[in-house]
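**Student:** mmCIF, C-alpha atoms, saved as final-v4.cif, coming up:
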```
data_coords
loop_
_atom_site.group_PDB
_atom_site.id
_atom_site.type_symbol
_atom_site.label_atom_id
_atom_site.label_comp_id
_atom_site.auth_asym_id
_atom_site.auth_seq_id
_atom_site.Cartn_x
_atom_site.Cartn_y
_atom_site.Cartn_z
ATOM 1 C CA MET M 343 78.389 72.387 104.560
ATOM 2 C CA PRO M 344 78.668 74.675 101.498
ATOM 3 C CA ILE M 345 82.070 75.343 100.000
ATOM 4 C CA SER M 346 83.159 78.974 100.294
ATOM 5 C CA PRO M 347 83.880 80.808 97.061
ATOM 6 C CA PRO M 348 87.530 81.024 95.982
ATOM 7 C CA TYR M 349 87.719 84.762 96.635
ATOM 8 C CA ALA M 350 91.463 85.141 96.056
ATOM 9 C CA ALA M 351 91.278 83.435 92.657
ATOM 10 C CA ASN M 352 88.342 85.644 91.653
ATOM 11 C CA ILE M 353 90.212 88.777 92.724
ATOM 12 C CA VAL M 354 93.324 87.700 90.801
ATOM 13 C CA ALA M 355 91.226 87.057 87.681
ATOM 14 C CA ASP M 356 89.427 90.388 87.987
ATOM 15 C CA ILE M 357 92.609 92.430 88.453
ATOM 16 C CA ARG M 358 94.252 90.610 85.522
ATOM 17 C CA ARG M 359 91.183 91.424 83.429
ATOM 18 C CA GLN M 360 91.392 95.094 84.420
ATOM 19 C CA ILE M 361 95.070 95.216 83.444
ATOM 20 C CA SER M 362 94.404 93.463 80.118
ATOM 21 C CA ALA M 363 91.489 95.776 79.331
ATOM 22 C CA GLY M 364 93.579 98.843 80.071
ATOM 23 C CA GLU M 365 91.406 99.840 83.025
ATOM 24 C CA LEU M 366 94.548 99.605 85.160
ATOM 25 C CA LYS M 367 97.682 100.968 83.517
ATOM 26 C CA SER M 368 101.367 101.038 84.377
ATOM 27 C CA GLY M 369 101.899 103.270 87.388
ATOM 28 C CA ASP M 370 98.299 103.039 88.627
ATOM 29 C CA GLN M 371 97.846 102.408 92.327
ATOM 30 C CA LEU M 372 95.259 99.883 93.444
ATOM 31 C CA PRO M 373 92.708 100.892 96.076
ATOM 32 C CA SER M 374 93.561 100.222 99.726
ATOM 33 C CA LEU M 375 93.177 96.720 101.129
ATOM 34 C CA PRO M 376 90.057 97.696 103.127
ATOM 35 C CA ALA M 377 88.533 99.240 99.985
ATOM 36 C CA LEU M 378 89.271 96.068 97.996
ATOM 37 C CA ARG M 379 87.836 93.951 100.826
ATOM 38 C CA ASP M 380 84.628 95.958 100.716
ATOM 39 C CA HIS M 381 84.480 95.905 96.912
ATOM 40 C CA TYR M 382 84.919 92.127 96.668
ATOM 41 C CA GLY M 383 82.957 91.306 99.843
ATOM 42 C CA CYS M 384 85.604 89.099 101.381
ATOM 43 C CA SER M 385 88.228 89.067 104.123
ATOM 44 C CA LEU M 386 91.455 91.055 104.183
ATOM 45 C CA GLY M 387 93.268 87.716 104.106
ATOM 46 C CA SER M 388 91.711 86.867 100.743
ATOM 47 C CA VAL M 389 92.691 90.274 99.367
ATOM 48 C CA ARG M 390 96.263 89.910 100.649
ATOM 49 C CA ASN M 391 96.464 86.402 99.208
ATOM 50 C CA ALA M 392 95.348 87.645 95.784
ATOM 51 C CA LEU M 393 97.731 90.603 95.782
ATOM 52 C CA ASP M 394 100.601 88.371 96.911
ATOM 53 C CA ARG M 395 99.896 86.021 93.989
ATOM 54 C CA LEU M 396 99.912 88.939 91.542
ATOM 55 C CA LYS M 397 103.097 90.294 93.087
ATOM 56 C CA ALA M 398 104.773 86.859 92.863
ATOM 57 C CA SER M 399 103.981 86.747 89.138
ATOM 58 C CA SER M 400 105.310 90.321 88.683
ATOM 59 C CA GLU M 401 101.880 91.623 87.701
ATOM 60 C CA LEU M 402 101.930 94.034 90.651
ATOM 61 C CA ILE M 403 104.609 95.673 92.742
ATOM 62 C CA SER M 404 104.265 96.966 96.275
ATOM 63 C CA HIS M 405 105.833 99.709 98.307
ATOM 64 C CA GLN M 406 105.606 99.109 102.044
ATOM 65 C CA GLY M 407 103.291 101.571 103.708
ATOM 66 C CA ILE M 408 102.151 103.003 100.364
ATOM 67 C CA GLY M 409 100.320 100.268 98.463
ATOM 68 C CA TYR M 410 100.218 98.103 95.362
ATOM 69 C CA PHE M 411 100.901 99.365 91.856
ATOM 70 C CA VAL M 412 100.786 98.122 88.275
ATOM 71 C CA PRO M 413 104.402 97.980 87.081
#
```
Show me the file's structure as structure tokens.
**Tutor:**
Amino acid sequence: MPISPPYAANIVADIRRQISAGELKSGDQLPSLPALRDHYGCSLGSVRNALDRLKASSELISHQGIGYFVP
């Protein structure tokens, strides 16, 4: 059985790259979870996992019912 790709790790790496490259700046809001799911071609769980990792490392903040932002 093939091993599934580590989607959450790839999403974390890509968002970190976007922040480092200045594509995402302080105050920017990330797209919605469904939009990120569609963009990365994975499950909502993988997207949530990635965003939770970035939030835990203070690379993102969230506002309930609004979304995720670059601090």
**Student:** Take the PyMOL selection byres ((chain M and resi 401) around 9), apply it to the structure above, and return the hits as a list of chain:residue names.
**Tutor:** M:Arg358, M:Ile361, M:Arg395, M:Leu396, M:Lys397, M:Ala398, M:Ser399, M:Ser400, M:Leu402, M:Ile403, M:Phe411, M:Val412, M:Pro413
**Student:** Please provide as a PyMOL selection string all residues within 9 Å of Ser388 in chain M, with the sequence filter that same-chain residues fewer than 3 positions apart are discarded (counting all atoms listed in the file).
**Tutor:** chain M and resi 348-351+353+379+384-385+391-393
**Student:** Which residue, M:Ser374, M:Val354, M:Tyr382, M:Lys367, has the smallest gap to Ser404 in chain M when you use only C-alpha atoms?
**Tutor:**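 The closest residue to Ser404 in chain M is M:Ser374.
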**Student:** Between CA of Pro376 in chain M and CA of Arg390 in chain M, what distance in Å does the model show, to one decimal?
**Tutor:** 10.3 Å
**Student:** Rounded to one decimal, what separation in Å do you get between CA of Gly407 in chain M and CA of Ala363 in chain M?
**Tutor:** 27.7 Å
**Student:** Report, as lines of an AutoDock Vina configuration file, the axis-aligned box around all atoms of range 361-379 of chain M present in the file, extended by 8 Å on each side; give centre and edge lengths in Å to one decimal place.
**Tutor:**
```
center_x = 94.9
center_y = 98.4
center_z = 91.2
size_x = 30.1
size_y = 25.8
size_z = 39.8
```
**Student:** Could you please determine the separation between CA of Asp356 in chain M and CA of Gln406 in chain M in Å, to one decimal place?
**Tutor:**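 These two atoms are separated by 23.1 Å.
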